[in-house]
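Engineer: Encoded as structure tokens, here's the structure I'll be asking about.
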Amino acid sequence: MKQIDRRIVIVASLIFIIGLAIGLMIFLKAQKAEPFRRPAVVTKRFVKNEKIKYKTIISPVSASGRLTSISEIDVVAEASGKILTSKIALKKGSEFKKGDVLFTIYPDEAKLALKAKKSSFLNSLANLLPDIKIDYPEYEKQFRDFFTTIEVDKKLPEFPDFKSEKLEIFLASRNVLSEYYGIKKDELQLSRHTIIAPFNGTYSDVYIEQGAYTNMGGRVAHAIRTDILEIEVPLDKFDAEWVKINDKVKVYSDSRNAEWQGKVVRKSQFVDPNTQSQGIFVRINNTAKKSLLVGEYLNSIFPGHPIQKAMEIPRNVVFNTNEVFIVEDGKIHMEIINVLKINEKSLIFNGIDEGKVLVMQALINVLEGSEVEISLDVKPDKKTGQDKKQAKGKKE
């Protein structure tokens, strides 16, 4: 029993001592004066702003495209034989003018065969002239003049015109008509031994060298026209609707610091399934002073078209594609706009009530509902990067 009573006394003593310590601590804490605390300073951001006001905006359309030739052809041999040299080198990149002889396919054999046919034809006519004089005297002078004008080194003149059915039967029975048209065919075939340039251009590819042999129909080279070029400019359907045929277009190159005048010649009647853009074709006359090269990319500016009830703002004011900040009661709020057109550095929109105050600068790390003060002219401090008015407010 004595041992149990001793334990109770010890436990009670410990509880009393702990309670006394806690009470003393609370008493001493109550005696300590509460430290002075400064009231929290609310920092306000100064932002540029502008009231939303809609008007009619004339917005030019700018886009880039690749320069192409209006005409590209395969130069094909229309006769077989050896390709002879000419003033125009049969090499990739060689230039030529319309009417120049590009190359000649060995023609001597064809020329001799044609002369032989003409000599035989003259012999046939000589045998027919006495019969025509007797049986068809009204046509004798025409056929004699025709006979005397034929030269073996020149093309056959036009066959005499006659309206006698009997004379036609007579000439056909002597194979005169078939000989005449056979020679005309050979003359045409001989002309195909000489290939003439159909336009001003250059060789973009050459498949057969000068001096080589080619068969009829063989591809010799690929040529492109260089004096008249075109740009295919892809435009959004909204912008393409305002572009008209024969519109004047400013074409320029930033890298070359040069510009040209173009004209819209046609519009594609379909849209690209991948980009949903419509092709606009702009034609440009190539000049020697500011020569254009097929394949280079150029920028095109089309005439502006009116957009009703819209406002234009810098693109950096808009975030998440179609969201902007407005100021109401000293706080910023997010609004969704209706984007009508996106330019290189600006954006045209509507969809917000007129009169609201739009934040006209990019804001970083700003939450909706943050307090701001509006300013029409806020310049950032070069050292701190903060708005001068904002830095001044913090200092005060």
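In the structure tokens, chains take the letters A, B, ... in the order shown, each chain's residues start at 1, and ligands count up from 1 in the order shown.
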Return as a tab-separated table the residues of stretch 164-222 of chain A lying at most 12 Å from stretch 85-96 of chain A, together with the closest atom-to-atom pair for each and the distance in Å to one decimal, counting only C-alpha atoms, with rows in chain order and ascending residue number.

Structural biologist:
residue	atom	partner	partner_atom	distance
A:Thr194	CA	A:Ser86	CA	10.3
A:Ile195	CA	A:Ser86	CA	10.4
A:Ile196	CA	A:Phe96	CA	10.0
A:Ala197	CA	A:Phe96	CA	7.2
A:Pro198	CA	A:Phe96	CA	9.7
A:Phe199	CA	A:Phe96	CA	8.1
A:Asn200	CA	A:Phe96	CA	5.8
A:Gly201	CA	A:Phe96	CA	5.6
A:Thr202	CA	A:Glu95	CA	4.3
A:Tyr203	CA	A:Lys92	CA	5.1
A:Ser204	CA	A:Lys92	CA	5.6
A:Asp205	CA	A:Lys92	CA	5.3
A:Val206	CA	A:Lys92	CA	5.6
A:Tyr207	CA	A:Lys91	CA	9.1
A:Ile208	CA	A:Leu90	CA	8.2
A:Glu209	CA	A:Leu90	CA	6.4
A:Gln210	CA	A:Thr85	CA	5.9
A:Gly211	CA	A:Thr85	CA	7.1
A:Ala212	CA	A:Thr85	CA	10.2
A:Val220	CA	A:Leu90	CA	9.0
A:Ala221	CA	A:Leu90	CA	8.2
A:His222	CA	A:Lys92	CA	8.9

Engineer: List the spatial neighbours of A:Asn316 as number ranges by chain - criterion: any atom at most 10 Å away, only C-alpha atoms, same-chain residues fewer than 5 positions off excluded.

Structural biologist: A: 324, 345-347, 360-363

Engineer: Return the single residue from A:Glu230, A:Glu368, A:Asp100, A:Glu335 that is closest to A:Ser300, with distances computed using only C-alpha atoms.

Structural biologist: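 Among the listed residues, the smallest separation from A:Ser300 belongs to A:Glu230.
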
Engineer: Determine, counting only C-alpha atoms, which protein, DNA and RNA residues have an atom within 12 Å of an atom of A:Ser277; residues of the same chain fewer than 3 positions away are not included. Present the result as number ranges by chain.

Structural biologist: A: 63, 232-241, 267-274, 280

Engineer: Write the selection just made, keeping C-alpha atoms, as a PDB file, in the first residue's frame?

Structural biologist:
ATOM      1  CA  ALA A  63       1.029  36.584 -99.402  1.00  0.00           C
ATOM      2  CA  GLU A 232       0.639  31.156-107.897  1.00  0.00           C
ATOM      3  CA  VAL A 233      -0.352  32.829-104.624  1.00  0.00           C
ATOM      4  CA  PRO A 234      -2.487  30.794-102.189  1.00  0.00           C
ATOM      5  CA  LEU A 235      -5.070  32.943-100.368  1.00  0.00           C
ATOM      6  CA  ASP A 236      -7.733  32.212 -97.782  1.00  0.00           C
ATOM      7  CA  LYS A 237     -11.144  31.993 -99.408  1.00  0.00           C
ATOM      8  CA  PHE A 238     -12.255  35.120 -97.501  1.00  0.00           C
ATOM      9  CA  ASP A 239      -9.424  37.156 -99.051  1.00  0.00           C
ATOM     10  CA  ALA A 240      -9.636  35.474-102.452  1.00  0.00           C
ATOM     11  CA  GLU A 241     -13.271  36.557-102.859  1.00  0.00           C
ATOM     12  CA  LYS A 267      -8.277  32.296-110.165  1.00  0.00           C
ATOM     13  CA  SER A 268      -8.486  28.580-109.495  1.00  0.00           C
ATOM     14  CA  GLN A 269     -12.032  27.253-109.227  1.00  0.00           C
ATOM     15  CA  PHE A 270     -11.141  24.893-106.380  1.00  0.00           C
ATOM     16  CA  VAL A 271      -9.448  25.015-102.990  1.00  0.00           C
ATOM     17  CA  ASP A 272      -6.458  23.032-101.799  1.00  0.00           C
ATOM     18  CA  PRO A 273      -7.849  20.250 -99.547  1.00  0.00           C
ATOM     19  CA  ASN A 274      -4.848  20.490 -97.214  1.00  0.00           C
ATOM     20  CA  ILE A 280      -4.505  33.299-107.449  1.00  0.00           C
TER      21      ILE A 280
END

Engineer: Set the distance at 12 Å and use only C-alpha atoms: which residues neighbour A:Leu114 once local chain neighbours fewer than 3 positions away are removed? I'd like the list as a list in words.

Structural biologist: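 These residues fall inside the cut-off: Pro107, Asp108, Glu109, Ala110, Lys111, Lys117, Lys118, Ser119, Ser120, Phe121, Glu151, Val152, Asp153, Lys154, Lys155, Leu156, Glu179, Tyr180, Gly182, Ile183, Lys184, Lys185, Asp186, Glu187, Leu188, Gln189, Leu190 and Ser191 of chain A.
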
Engineer: Go through A:Val47, A:Leu293, A:Ile224, A:Val282 one by one, measure the shortest atom-to-atom distance of each to A:Val317 using only C-alpha atoms, and give the residue with the smallest value.

Structural biologist: A:Val47

Engineer: Could you tell me how far atom CA of A:Met311 lies from atom CA of A:Asn246, in Å and to one decimal?

Structural biologist: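 Pair atom CA of A:Met311 / atom CA of A:Asn246 returns 29.2 Å.
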
Engineer: May I have all residues of stretch 90-220 of chain A that DSSP, computed from the backbone, assigns to strand (DSSP E), given as a list in words?

Structural biologist: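 Matching residues for strand (DSSP E) in stretch 90-220 of chain A are Glu95, Phe96, Val101, Leu102, Phe103, Thr104, Ile105, Thr194, Ile195, Ile196, Gly201, Thr202, Tyr203, Ser204, Asp205, Val206, Tyr213, Thr214, Arg219 and Val220 of chain A.
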
Engineer: With a distance cut-off of 10 Å and only C-alpha atoms, select the neighbouring residues of A:Thr287, excluding the residue or stretch itself and same-chain residues fewer than 2 positions from it, and output the selection as a list in words.

Structural biologist: Thr226, Asp227, Ile228, Trp260, Ile284, Asn285, Lys289, Lys290, Ser291 and Leu292 of chain A

Engineer: Please produce an output containing C-alpha atoms for each residue in the selection, written as a tab-separated table (two decimals), in the first residue's frame.

Structural biologist:
chain	number	residue	atom	x	y	z
A	226	THR	CA	11.44	33.39	-119.37
A	227	ASP	CA	10.02	36.65	-120.73
A	228	ILE	CA	6.55	36.21	-119.17
A	260	TRP	CA	7.60	44.60	-110.05
A	284	ILE	CA	4.62	39.49	-114.59
A	285	ASN	CA	6.60	40.67	-117.60
A	289	LYS	CA	16.82	45.68	-115.63
A	290	LYS	CA	15.25	43.64	-112.83
A	291	SER	CA	15.34	40.10	-114.16
A	292	LEU	CA	13.26	37.44	-112.47

Engineer: Which residues are close to A:His333, i.e. within 9 Å by only C-alpha atoms, leaving aside same-chain residues fewer than 4 positions away? Reply as a list in words.

Structural biologist: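 Answer for this query is Val324, Phe325, Ile326, Val327, Glu328, Leu367, Glu368, Gly369 and Ser370 of chain A.
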
Engineer: For the residues in the current selection, export C-alpha atoms as an mmCIF file, in the first residue's frame.

Structural biologist:
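So again.cif came out as:
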data_model
loop_
_atom_site.group_PDB
_atom_site.id
_atom_site.type_symbol
_atom_site.label_atom_id
_atom_site.label_comp_id
_atom_site.auth_asym_id
_atom_site.auth_seq_id
_atom_site.Cartn_x
_atom_site.Cartn_y
_atom_site.Cartn_z
ATOM 1 C CA VAL A 324 -7.928 39.767 -75.169
ATOM 2 C CA PHE A 325 -7.958 41.695 -71.884
ATOM 3 C CA ILE A 326 -10.347 44.541 -71.178
ATOM 4 C CA VAL A 327 -10.432 46.880 -68.174
ATOM 5 C CA GLU A 328 -13.606 47.185 -66.093
ATOM 6 C CA LEU A 367 -4.374 36.849 -63.608
ATOM 7 C CA GLU A 368 -7.930 37.789 -64.432
ATOM 8 C CA GLY A 369 -9.237 40.197 -61.829
ATOM 9 C CA SER A 370 -5.875 41.863 -61.192
#

Engineer: Looking only at the backbone, which of the residues in stretch 162-256 of chain A does DSSP tag as alpha helix (DSSP H), as a list of chain:residue names?

Structural biologist: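 Matching residues for alpha helix (DSSP H) in stretch 162-256 of chain A are A:Glu165, A:Lys166, A:Leu167, A:Glu168, A:Ile169, A:Phe170, A:Leu171, A:Ala172, A:Ser173, A:Val176, A:Leu177, A:Ser178, A:Glu179, A:Tyr180, A:Tyr181, A:Gly182, A:Ile183, A:Lys184, A:Lys185, A:Asp186, A:Glu187, A:Leu188, A:Gln189, A:Leu190, A:Ser191, A:Lys237, A:Phe238, A:Asp239, A:Ala240.
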
Engineer: Skipping near chain neighbours, those fewer than 5 positions away, what residues fall within 8 Å of stretch 125-135 of chain A using only C-alpha atoms, listed as a short mmCIF file (atom, residue, chain, number, x, y, z; two decimals) with N, CA and C atoms, in the first residue's frame?

Structural biologist:
data_model
loop_
_atom_site.label_atom_id
_atom_site.label_comp_id
_atom_site.auth_asym_id
_atom_site.auth_seq_id
_atom_site.Cartn_x
_atom_site.Cartn_y
_atom_site.Cartn_z
N GLU A 140 -4.86 26.19 -170.03
CA GLU A 140 -3.49 25.97 -170.50
C GLU A 140 -2.52 27.00 -169.92
N PHE A 143 -1.63 26.36 -166.09
CA PHE A 143 -0.73 25.24 -165.84
C PHE A 143 0.66 25.52 -166.39
N ARG A 144 0.75 26.28 -167.50
CA ARG A 144 2.08 26.60 -168.01
C ARG A 144 2.81 27.54 -167.05
N PHE A 147 4.00 25.55 -164.19
CA PHE A 147 5.18 24.75 -164.54
C PHE A 147 6.45 25.59 -164.53
N VAL A 176 -1.02 13.16 -160.95
CA VAL A 176 -0.42 14.48 -160.76
C VAL A 176 -0.75 15.04 -159.38
#
